There are 6 protein chains.
Amino acid sequence: MIYITRRERFNAAHRLYRNDFSDEKNLEVFGKCSNPNWHGHNYELFVTVKGETNPETGFLVNLKTLSKLIRETVIVKLDHKNINVEVDFMQGKLASTENLAVGIWNEIEEEIRLLGADLHCVKVSESENNSAEYYG
Amino acid sequence: MIYITRRERFNAAHRLYRNDFSDEKNLEVFGKCSNPNWHGHNYELFVTVKGETNPETGFLVNLKTLSKLIRETVIVKLDHKNINVEVDFMQGKLASTENLAVGIWNEIEEEIRLLGADLHCVKVSESENNSAEYYG
Amino acid sequence: MIYITRRERFNAAHRLYRNDFSDEKNLEVFGKCSNPNWHGHNYELFVTVKGETNPETGFLVNLKTLSKLIRETVIVKLDHKNINVEVDFMQGKLASTENLAVGIWNEIEEEIRLLGADLHCVKVSESENNSAEYYG
Amino acid sequence: MIYITRRERFNAAHRLYRNDFSDEKNLEVFGKCSNPNWHGHNYELFVTVKGETNPETGFLVNLKTLSKLIRETVIVKLDHKNINVEVDFMQGKLASTENLAVGIWNEIEEEIRLLGADLHCVKVSESENNSAEYYG
Amino acid sequence: MIYITRRERFNAAHRLYRNDFSDEKNLEVFGKCSNPNWHGHNYELFVTVKGETNPETGFLVNLKTLSKLIRETVIVKLDHKNINVEVDFMQGKLASTENLAVGIWNEIEEEIRLLGADLHCVKVSESENNSAEYYG
Amino acid sequence: MIYITRRERFNAAHRLYRNDFSDEKNLEVFGKCSNPNWHGHNYELFVTVKGETNPETGFLVNLKTLSKLIRETVIVKLDHKNINVEVDFMQGKLASTENLAVGIWNEIEEEIRLLGADLHCVKVSESENNSAEYYG
């Protein structure tokens, strides 16, 4: 069993808030992350997949193929977008790093199986200090 | 003459566009950075000041004082904000990295003189690949 | 189950040595890390907690709350301190990265449970080349 | 149980290709990594070992000893070398990051046991975007 | 006057040696960098250009245009290549970081002028410890 | 004219204080950096030298020679040491980053001239946020 990890990046706007909370309540719960005018991040996405190395190629999965899959499946939806407003798989969810990691997992899990590997971990890093990991 | 540099960080939303351009024209000139729903970055700000070391303290400027000045003068206006909508010194300007560097310079130049040093460089890094520097 | 990680930093002095060893013996076992006049590091501390995401907030734990807990519980005791001389939870222990990781775990484990999450990992990085991890 | 990780680095040339493939087939499968004139990387190697902390020293393993072992066992064979042509434990294998991680594991596993610890993970990072991990 | 910097990366093989030196002499002068079987690096290239910000766009130069220019002019020649054997502008030169910086400067200086900016600095980083800068 | 930069690292303890100040006064002026029990850092030292590339070697200076010079001249005095107590060229000076940069400059300037290059800049980085540069 081998594990490989591909890093991709996306720049996005978001806001942490609930429609059923007042602005004051949102500020109390989510702090400055609730700013109604949005803020944003340079997100880093680390996708780890696992499986057996293919003796024909020496690869678990070709990292170029894995990169292409991640870009076409999720980066295209996230990069230079507003996560709350524009990202289909985040509609109706709080735009937290935790929910992003789970949402990305759900978008790519099946696609990665088609490459002949199993998704092991989706890690989303929001800043040099904060990150979330989901293992399914 | 000695130079010291302090790094501060801010997370903000922005958009590159002109009101007098159509959405198509904005997309043509500014690409995906023109997204009407905003996107955002983890900006890094490097402020370099220069002058003579004070023999009493061994400091050009106390870096804690310099950090406090930068935070109170510009970070508080930029962090978790929308640069186009909420940042007073960027009103009427395109929210480019170049203009941010010049705008921040203008906000802090006098304040740094009051600390007994001269502002040398404002560097704004928008991503690991892109940055702008202004030397006055 | 989701995992989130918060990074905090502290700058501290330390020394690796045993009182019951001569200076020569300490030098033999611990090398230059045994210098009686101390040396120091910019330590990085990565605290990973796990649990269920709260559907009300989208958070496992609010990262600002987690950061505050780590700062008030351990960083305040470690930052700009001498680990051997001043840190209560390291008294009577060798000031190794391994023991620091275990010591920090013991200081924060209960506090994190009170936030509604379980401590998963304490990672202490002493330099870009060396780190220790403890999982309880 | 404690885990410690040591990072070492090596700069090497390699090429991904099969002798039984034509140049066209190699290009199709391995892309520009199949360049017959080689290319290269600054590889980072992270070796994680696990075990009980020795109460005499506060160490699982002295990191200087671990570093020396890794350098003498594998770095000396890899650094400033051609992985395909010169590295004994990679002969007859595709010079992929996956195979490098497994090859390095096999070279150091026994040696680390002699230090009184168990090898936990070999991580090889080929670039800031790509890495492979092997856990035995 | 504003300065902007774009980072690009390339992975390449090279060797430091002179044809008119014996292998022993090459080893003496260039050390392990003279390995006849090549070695390689993940090079980082930082291109800094200077000029006036265009008030129409807020840009000195569109960073996407600058990135495209650098990729099409030099990265395509360097990435996954052998610098000694395959890079036209390095033929007849020692493949040192110094010569790479000067060579890249000569390839892009005119092109950048056509974008309406002046090339200020080419920095080539061979590893986390070594880099060269050329200012024309 | 070409510039090359070599990074070296050292881990050291220090304290910012004046003997002619009371503990209270030291705390007021230098904050927690005045802790009488010391604290420490992982310092990064960037030495930039300039001159003409030697056409015989393609080098301004062999970076291995430059590294050796820096290690033997200053790193050996600083690494795993107490800057206030043990570093000869810092005696009688406040152990600030500014003074360290100037002190290191004075130690290596002549030595670098003997290599056939001119010292251009000594940069000392105390943390990811703070650094000082001296150009003579």
# chains A, B, ... in the order shown; residues from 1 in each chain; ligands from 1

call {"tool": "residues_around", "arguments": {"residues": "region 45-48 of chain E", "least_positions_apart": "3", "cutoff": "8 Å", "atoms": "only C-alpha atoms", "output": "PyMOL selection string"}}
result
chain E and resi 3-10+119-125

call {"tool": "write_last_selection", "arguments": {"atoms": "C-alpha atoms", "output": "compact mmCIF listing (two decimals), in the first residue's frame"}}
result
# COMPACT_ATOMS: atom_id res chain seq x y z
CA TYR E 3 8.25 46.61 -9.09
CA ILE E 4 6.42 43.32 -9.56
CA THR E 5 7.83 39.83 -9.26
CA ARG E 6 6.59 36.61 -10.79
CA ARG E 7 7.83 33.22 -9.62
CA GLU E 8 8.02 30.30 -12.06
CA ARG E 9 9.53 26.87 -11.49
CA PHE E 10 11.40 24.33 -13.60
CA LEU E 119 13.45 43.99 -16.58
CA HIS E 120 14.92 44.72 -13.15
CA CYS E 121 16.19 41.43 -11.76
CA VAL E 122 16.43 37.74 -12.62
CA LYS E 123 16.88 35.57 -9.55
CA VAL E 124 17.50 31.84 -9.89
CA SER E 125 17.25 29.70 -6.79

call {"tool": "select_by_dssp", "arguments": {"residues": "chain C", "states": "strand (DSSP E)", "output": "JSON, numbers by chain"}}
result
{"C": [2, 3, 4, 5, 6, 7, 8, 9, 10, 11, 12, 13, 14, 39, 40, 41, 42, 43, 44, 45, 46, 47, 48, 49, 50, 51, 81, 82, 118, 119, 120, 121, 122, 123, 124, 125, 130, 131, 132, 133, 134]}

call {"tool": "closest_atom_pairs", "arguments": {"of": "chain F", "to": "chain C", "cutoff": "12 Å", "atoms": "only C-alpha atoms", "output": "tab-separated table"}}
result
residue	atom	partner	partner_atom	distance
F:Arg9	CA	C:Ser127	CA	9.9
F:Phe10	CA	C:His41	CA	9.2
F:Asn11	CA	C:Gly40	CA	5.7
F:Ala12	CA	C:His39	CA	4.3
F:Ala13	CA	C:His39	CA	4.1
F:His14	CA	C:His39	CA	7.8
F:Arg15	CA	C:His80	CA	9.3
F:Leu16	CA	C:His80	CA	11.1
F:Phe30	CA	C:His80	CA	11.8
F:Gly31	CA	C:His80	CA	9.8
F:Lys32	CA	C:His80	CA	6.2
F:Cys33	CA	C:His80	CA	6.4
F:Ser34	CA	C:His80	CA	8.7
F:Asn35	CA	C:His80	CA	7.0
F:Pro36	CA	C:Lys81	CA	9.1
F:Asn37	CA	C:Asn82	CA	5.7
F:Trp38	CA	C:Asn82	CA	6.0
F:His39	CA	C:Ala13	CA	4.1
F:Gly40	CA	C:Gly40	CA	3.6
F:His41	CA	C:His41	CA	4.0
F:Asn42	CA	C:His41	CA	4.8
F:Tyr43	CA	C:His41	CA	8.2
F:Glu44	CA	C:Asn42	CA	10.9
F:Val76	CA	C:Lys32	CA	10.9
F:Lys77	CA	C:Lys32	CA	11.9
F:Leu78	CA	C:His39	CA	9.4
F:Asp79	CA	C:His39	CA	8.0
F:His80	CA	C:His39	CA	4.9
F:Lys81	CA	C:His39	CA	5.3
F:Asn82	CA	C:Asn37	CA	5.7
F:Ile83	CA	C:His39	CA	8.7
F:Asn84	CA	C:Asn37	CA	9.6
F:Val85	CA	C:Asn37	CA	7.4
F:Glu86	CA	C:Asn37	CA	7.9
F:Val87	CA	C:Asn37	CA	11.2
F:Ser125	CA	C:Asn42	CA	11.3
F:Glu126	CA	C:Asn42	CA	8.5
F:Ser127	CA	C:Asn42	CA	7.0
F:Glu128	CA	C:Asn42	CA	9.2
F:Asn129	CA	C:Asn42	CA	11.5

call {"tool": "write_last_selection", "arguments": {"atoms": "C-alpha atoms", "output": "CSV table (one decimal), in the first residue's frame"}}
result
chain,number,residue,atom,x,y,z
F,9,ARG,CA,21.3,28.6,10.0
F,10,PHE,CA,22.1,28.7,13.7
F,11,ASN,CA,20.2,28.1,16.9
F,12,ALA,CA,21.1,30.3,19.8
F,13,ALA,CA,19.9,31.8,23.1
F,14,HIS,CA,19.9,35.5,23.8
F,15,ARG,CA,18.4,38.2,25.9
F,16,LEU,CA,17.8,41.9,25.3
F,30,PHE,CA,12.6,45.2,25.8
F,31,GLY,CA,9.4,43.4,26.9
F,32,LYS,CA,9.5,39.6,27.2
F,33,CYS,CA,12.8,39.6,25.2
F,34,SER,CA,14.5,40.8,28.5
F,35,ASN,CA,13.7,37.6,30.3
F,36,PRO,CA,16.7,37.0,32.7
F,37,ASN,CA,16.5,33.3,32.0
F,38,TRP,CA,17.1,33.8,28.3
F,39,HIS,CA,15.0,32.7,25.3
F,40,GLY,CA,16.2,31.6,21.8
F,41,HIS,CA,15.7,31.4,18.1
F,42,ASN,CA,16.4,29.4,15.0
F,43,TYR,CA,18.2,32.2,13.2
F,44,GLU,CA,18.6,32.2,9.4
F,76,VAL,CA,30.8,28.0,14.7
F,77,LYS,CA,30.7,30.9,17.2
F,78,LEU,CA,26.9,31.3,17.1
F,79,ASP,CA,25.3,27.9,16.8
F,80,HIS,CA,24.0,26.3,20.0
F,81,LYS,CA,25.6,29.3,21.9
F,82,ASN,CA,24.4,32.1,24.1
F,83,ILE,CA,24.9,35.2,22.1
F,84,ASN,CA,25.2,37.5,25.1
F,85,VAL,CA,27.6,35.3,27.0
F,86,GLU,CA,29.7,33.4,24.5
F,87,VAL,CA,30.0,35.2,21.2
F,125,SER,CA,16.2,36.5,10.2
F,126,GLU,CA,15.1,35.9,13.8
F,127,SER,CA,11.6,34.6,13.0
F,128,GLU,CA,9.3,34.3,10.0
F,129,ASN,CA,8.1,37.8,10.8

call {"tool": "select_by_dssp", "arguments": {"residues": "chain D", "states": "helix (DSSP H, G or I)", "output": "MDAnalysis selection string"}}
result
chainID D and resid 23:34 63:78 83:86 88:90 97:114

call {"tool": "write_last_selection", "arguments": {"atoms": "N, CA and C atoms", "output": "short mmCIF file (atom, residue, chain, number, x, y, z; two decimals), in the first residue's frame"}}
result
data_model
loop_
_atom_site.label_atom_id
_atom_site.label_comp_id
_atom_site.auth_asym_id
_atom_site.auth_seq_id
_atom_site.Cartn_x
_atom_site.Cartn_y
_atom_site.Cartn_z
N ASP D 23 10.35 5.44 -27.71
CA ASP D 23 10.36 6.81 -27.19
C ASP D 23 8.95 7.41 -27.24
N GLU D 24 8.21 7.09 -28.29
CA GLU D 24 6.85 7.64 -28.42
C GLU D 24 5.95 7.11 -27.31
N LYS D 25 6.06 5.81 -27.08
CA LYS D 25 5.23 5.18 -26.04
C LYS D 25 5.64 5.73 -24.66
N ASN D 26 6.94 5.89 -24.44
CA ASN D 26 7.39 6.46 -23.16
C ASN D 26 6.82 7.87 -22.98
N LEU D 27 6.86 8.65 -24.05
CA LEU D 27 6.34 10.01 -23.97
C LEU D 27 4.85 10.01 -23.69
N GLU D 28 4.16 9.06 -24.30
CA GLU D 28 2.70 8.96 -24.09
C GLU D 28 2.36 8.63 -22.64
N VAL D 29 3.13 7.68 -22.06
CA VAL D 29 2.82 7.21 -20.70
C VAL D 29 3.38 8.14 -19.64
N PHE D 30 4.61 8.60 -19.85
CA PHE D 30 5.30 9.31 -18.77
C PHE D 30 5.45 10.81 -19.04
N GLY D 31 5.00 11.26 -20.20
CA GLY D 31 5.06 12.68 -20.50
C GLY D 31 6.48 13.18 -20.55
N LYS D 32 6.68 14.46 -20.18
CA LYS D 32 8.00 15.06 -20.27
C LYS D 32 8.98 14.44 -19.27
N CYS D 33 8.45 13.68 -18.28
CA CYS D 33 9.33 12.97 -17.33
C CYS D 33 10.14 11.88 -18.03
N SER D 34 9.78 11.55 -19.28
CA SER D 34 10.51 10.50 -19.99
C SER D 34 11.69 11.04 -20.79
N LEU D 63 18.46 12.50 17.40
CA LEU D 63 18.22 12.90 16.01
C LEU D 63 19.51 13.05 15.22
N LYS D 64 20.60 13.34 15.90
CA LYS D 64 21.89 13.38 15.18
C LYS D 64 22.28 11.99 14.71
N THR D 65 22.03 10.99 15.55
CA THR D 65 22.31 9.61 15.15
C THR D 65 21.40 9.18 14.00
N LEU D 66 20.14 9.56 14.10
CA LEU D 66 19.19 9.22 13.03
C LEU D 66 19.60 9.89 11.72
N SER D 67 19.98 11.15 11.81
CA SER D 67 20.43 11.87 10.61
C SER D 67 21.64 11.20 10.00
N LYS D 68 22.59 10.83 10.84
CA LYS D 68 23.83 10.18 10.36
C LYS D 68 23.49 8.86 9.67
N LEU D 69 22.61 8.09 10.27
CA LEU D 69 22.19 6.81 9.68
C LEU D 69 21.57 7.03 8.30
N ILE D 70 20.67 7.99 8.20
CA ILE D 70 19.99 8.22 6.91
C ILE D 70 21.00 8.69 5.86
N ARG D 71 21.90 9.58 6.28
CA ARG D 71 22.90 10.07 5.33
C ARG D 71 23.82 8.96 4.84
N GLU D 72 24.28 8.14 5.79
CA GLU D 72 25.26 7.12 5.43
C GLU D 72 24.63 5.95 4.69
N THR D 73 23.35 5.72 4.93
CA THR D 73 22.68 4.56 4.32
C THR D 73 22.09 4.89 2.96
N VAL D 74 21.41 6.03 2.85
CA VAL D 74 20.74 6.31 1.57
C VAL D 74 21.13 7.64 0.92
N ILE D 75 21.36 8.70 1.69
CA ILE D 75 21.64 10.00 1.04
C ILE D 75 22.93 9.91 0.24
N VAL D 76 23.94 9.24 0.78
CA VAL D 76 25.22 9.13 0.08
C VAL D 76 25.05 8.44 -1.28
N LYS D 77 24.05 7.58 -1.37
CA LYS D 77 23.80 6.88 -2.65
C LYS D 77 22.97 7.71 -3.63
N LEU D 78 22.22 8.69 -3.11
CA LEU D 78 21.25 9.42 -3.92
C LEU D 78 21.68 10.84 -4.29
N ILE D 83 19.45 8.62 -10.48
CA ILE D 83 18.74 7.54 -9.80
C ILE D 83 18.65 6.30 -10.68
N ASN D 84 18.39 6.48 -11.95
CA ASN D 84 18.27 5.32 -12.85
C ASN D 84 19.59 4.58 -13.02
N VAL D 85 20.68 5.33 -13.12
CA VAL D 85 21.96 4.74 -13.51
C VAL D 85 22.81 4.32 -12.33
N GLU D 86 22.76 5.07 -11.24
CA GLU D 86 23.79 4.90 -10.21
C GLU D 86 23.30 4.35 -8.88
N ASP D 88 22.05 1.73 -6.47
CA ASP D 88 21.95 0.26 -6.49
C ASP D 88 20.54 -0.25 -6.18
N PHE D 89 19.91 0.34 -5.16
CA PHE D 89 18.61 -0.23 -4.75
C PHE D 89 17.45 0.19 -5.67
N MET D 90 17.73 0.96 -6.71
CA MET D 90 16.69 1.33 -7.67
C MET D 90 16.91 0.63 -9.01
N THR D 97 8.50 8.34 -7.64
CA THR D 97 8.54 8.72 -6.22
C THR D 97 8.03 7.58 -5.36
N GLU D 98 7.01 6.88 -5.83
CA GLU D 98 6.49 5.72 -5.10
C GLU D 98 7.59 4.68 -4.88
N ASN D 99 8.29 4.33 -5.95
CA ASN D 99 9.33 3.31 -5.82
C ASN D 99 10.51 3.79 -4.99
N LEU D 100 10.81 5.07 -5.07
CA LEU D 100 11.88 5.63 -4.23
C LEU D 100 11.53 5.46 -2.75
N ALA D 101 10.26 5.78 -2.39
CA ALA D 101 9.86 5.67 -0.99
C ALA D 101 10.01 4.23 -0.49
N VAL D 102 9.57 3.27 -1.30
CA VAL D 102 9.68 1.85 -0.92
C VAL D 102 11.14 1.42 -0.87
N GLY D 103 11.92 1.87 -1.87
CA GLY D 103 13.33 1.50 -1.90
C GLY D 103 14.09 2.03 -0.68
N ILE D 104 13.82 3.26 -0.30
CA ILE D 104 14.49 3.83 0.87
C ILE D 104 14.05 3.10 2.13
N TRP D 105 12.74 2.78 2.23
CA TRP D 105 12.27 2.00 3.39
C TRP D 105 13.08 0.72 3.55
N ASN D 106 13.24 0.00 2.45
CA ASN D 106 13.94 -1.29 2.53
C ASN D 106 15.41 -1.12 2.94
N GLU D 107 16.01 -0.02 2.54
CA GLU D 107 17.42 0.22 2.89
C GLU D 107 17.61 0.55 4.36
N ILE D 108 16.63 1.23 4.97
CA ILE D 108 16.87 1.74 6.34
C ILE D 108 16.10 1.00 7.42
N GLU D 109 15.12 0.16 7.07
CA GLU D 109 14.26 -0.44 8.10
C GLU D 109 15.07 -1.18 9.17
N GLU D 110 15.97 -2.05 8.73
CA GLU D 110 16.74 -2.83 9.70
C GLU D 110 17.68 -1.96 10.51
N GLU D 111 18.29 -0.98 9.82
CA GLU D 111 19.25 -0.10 10.48
C GLU D 111 18.58 0.67 11.62
N ILE D 112 17.33 1.08 11.39
CA ILE D 112 16.63 1.86 12.41
C ILE D 112 16.26 0.96 13.59
N ARG D 113 15.95 -0.30 13.31
CA ARG D 113 15.67 -1.23 14.42
C ARG D 113 16.88 -1.34 15.34
N LEU D 114 18.08 -1.30 14.75
CA LEU D 114 19.30 -1.39 15.56
C LEU D 114 19.47 -0.17 16.47
#

call {"tool": "atom_distance", "arguments": {"atom1": "CA of Arg18 (chain F)", "atom2": "CA of Thr57 (chain B)"}}
result
8.2 Å

call {"tool": "atom_distance", "arguments": {"atom1": "CA of Tyr135 (chain D)", "atom2": "CA of Met1 (chain A)"}}
result
7.7 Å

call {"tool": "atom_distance", "arguments": {"atom1": "CA of Asp118 (chain F)", "atom2": "CA of Glu56 (chain F)"}}
result
18.9 Å

call {"tool": "decode", "arguments": {"residues": "region 29-54 of chain C", "atoms": "N, CA, C and O atoms", "output": "tab-separated table (two decimals), in the first residue's frame"}}
result
chain	number	residue	atom	x	y	z
C	29	VAL	N	26.80	12.62	25.40
C	29	VAL	CA	25.46	12.09	25.12
C	29	VAL	C	24.62	13.08	24.31
C	29	VAL	O	23.93	12.69	23.37
C	30	PHE	N	24.70	14.35	24.67
C	30	PHE	CA	23.77	15.31	24.09
C	30	PHE	C	24.43	16.27	23.08
C	30	PHE	O	23.75	17.12	22.50
C	31	GLY	N	25.74	16.15	22.92
C	31	GLY	CA	26.43	17.00	21.96
C	31	GLY	C	26.32	18.46	22.32
C	31	GLY	O	26.21	18.83	23.49
C	32	LYS	N	26.32	19.33	21.29
C	32	LYS	CA	26.30	20.77	21.53
C	32	LYS	C	24.99	21.23	22.17
C	32	LYS	O	24.91	22.33	22.70
C	33	CYS	N	23.96	20.36	22.14
C	33	CYS	CA	22.69	20.69	22.81
C	33	CYS	C	22.85	20.76	24.32
C	33	CYS	O	21.94	21.20	25.02
C	34	SER	N	24.00	20.30	24.84
C	34	SER	CA	24.21	20.32	26.29
C	34	SER	C	24.88	21.60	26.77
C	34	SER	O	25.13	21.76	27.97
C	35	ASN	N	25.15	22.52	25.87
C	35	ASN	CA	25.84	23.78	26.23
C	35	ASN	C	25.29	24.39	27.54
C	35	ASN	O	24.11	24.75	27.59
C	36	PRO	N	26.12	24.51	28.57
C	36	PRO	CA	25.64	25.01	29.87
C	36	PRO	C	25.08	26.43	29.80
C	36	PRO	O	24.32	26.83	30.68
C	37	ASN	N	25.44	27.18	28.77
C	37	ASN	CA	24.94	28.56	28.63
C	37	ASN	C	23.64	28.64	27.82
C	37	ASN	O	23.24	29.72	27.44
C	38	TRP	N	23.06	27.49	27.53
C	38	TRP	CA	21.78	27.41	26.83
C	38	TRP	C	21.90	27.70	25.33
C	38	TRP	O	22.88	28.26	24.88
C	39	HIS	N	20.93	27.28	24.58
C	39	HIS	CA	20.69	27.74	23.22
C	39	HIS	C	19.17	27.80	23.07
C	39	HIS	O	18.46	27.68	24.08
C	40	GLY	N	18.66	28.02	21.87
C	40	GLY	CA	17.20	28.16	21.77
C	40	GLY	C	16.67	27.88	20.39
C	40	GLY	O	17.42	27.61	19.45
C	41	HIS	N	15.36	27.94	20.28
C	41	HIS	CA	14.68	27.61	19.02
C	41	HIS	C	13.43	28.46	18.83
C	41	HIS	O	12.86	28.96	19.79
C	42	ASN	N	13.03	28.59	17.57
C	42	ASN	CA	11.67	29.00	17.22
C	42	ASN	C	10.86	27.71	17.09
C	42	ASN	O	10.91	27.05	16.05
C	43	TYR	N	10.16	27.34	18.12
C	43	TYR	CA	9.36	26.12	18.07
C	43	TYR	C	8.04	26.39	17.36
C	43	TYR	O	7.45	27.46	17.51
C	44	GLU	N	7.59	25.39	16.59
C	44	GLU	CA	6.23	25.41	16.05
C	44	GLU	C	5.44	24.30	16.72
C	44	GLU	O	5.93	23.17	16.83
C	45	LEU	N	4.24	24.62	17.15
C	45	LEU	CA	3.36	23.65	17.80
C	45	LEU	C	2.11	23.48	16.94
C	45	LEU	O	1.43	24.46	16.63
C	46	PHE	N	1.86	22.22	16.54
C	46	PHE	CA	0.65	21.90	15.76
C	46	PHE	C	-0.25	21.04	16.63
C	46	PHE	O	0.12	19.91	16.98
C	47	VAL	N	-1.43	21.56	16.97
C	47	VAL	CA	-2.39	20.82	17.79
C	47	VAL	C	-3.53	20.37	16.88
C	47	VAL	O	-4.20	21.20	16.26
C	48	THR	N	-3.73	19.05	16.79
C	48	THR	CA	-4.81	18.49	15.97
C	48	THR	C	-5.89	17.93	16.89
C	48	THR	O	-5.59	17.11	17.76
C	49	VAL	N	-7.13	18.36	16.67
C	49	VAL	CA	-8.26	17.84	17.45
C	49	VAL	C	-9.25	17.19	16.49
C	49	VAL	O	-9.28	17.51	15.30
C	50	LYS	N	-10.05	16.26	17.01
C	50	LYS	CA	-10.99	15.52	16.16
C	50	LYS	C	-12.37	15.44	16.81
C	50	LYS	O	-12.49	15.59	18.03
C	51	GLY	N	-13.36	15.18	15.99
C	51	GLY	CA	-14.73	15.06	16.50
C	51	GLY	C	-15.72	15.27	15.37
C	51	GLY	O	-15.36	15.18	14.19
C	52	GLU	N	-16.95	15.55	15.77
C	52	GLU	CA	-18.01	15.77	14.79
C	52	GLU	C	-18.16	17.26	14.54
C	52	GLU	O	-18.11	18.06	15.48
C	53	THR	N	-18.41	17.63	13.29
C	53	THR	CA	-18.71	19.02	12.98
C	53	THR	C	-20.06	19.39	13.57
C	53	THR	O	-21.03	18.65	13.43
C	54	ASN	N	-20.12	20.54	14.22
C	54	ASN	CA	-21.37	21.05	14.77
C	54	ASN	C	-22.20	21.64	13.63
C	54	ASN	O	-21.76	22.63	13.00
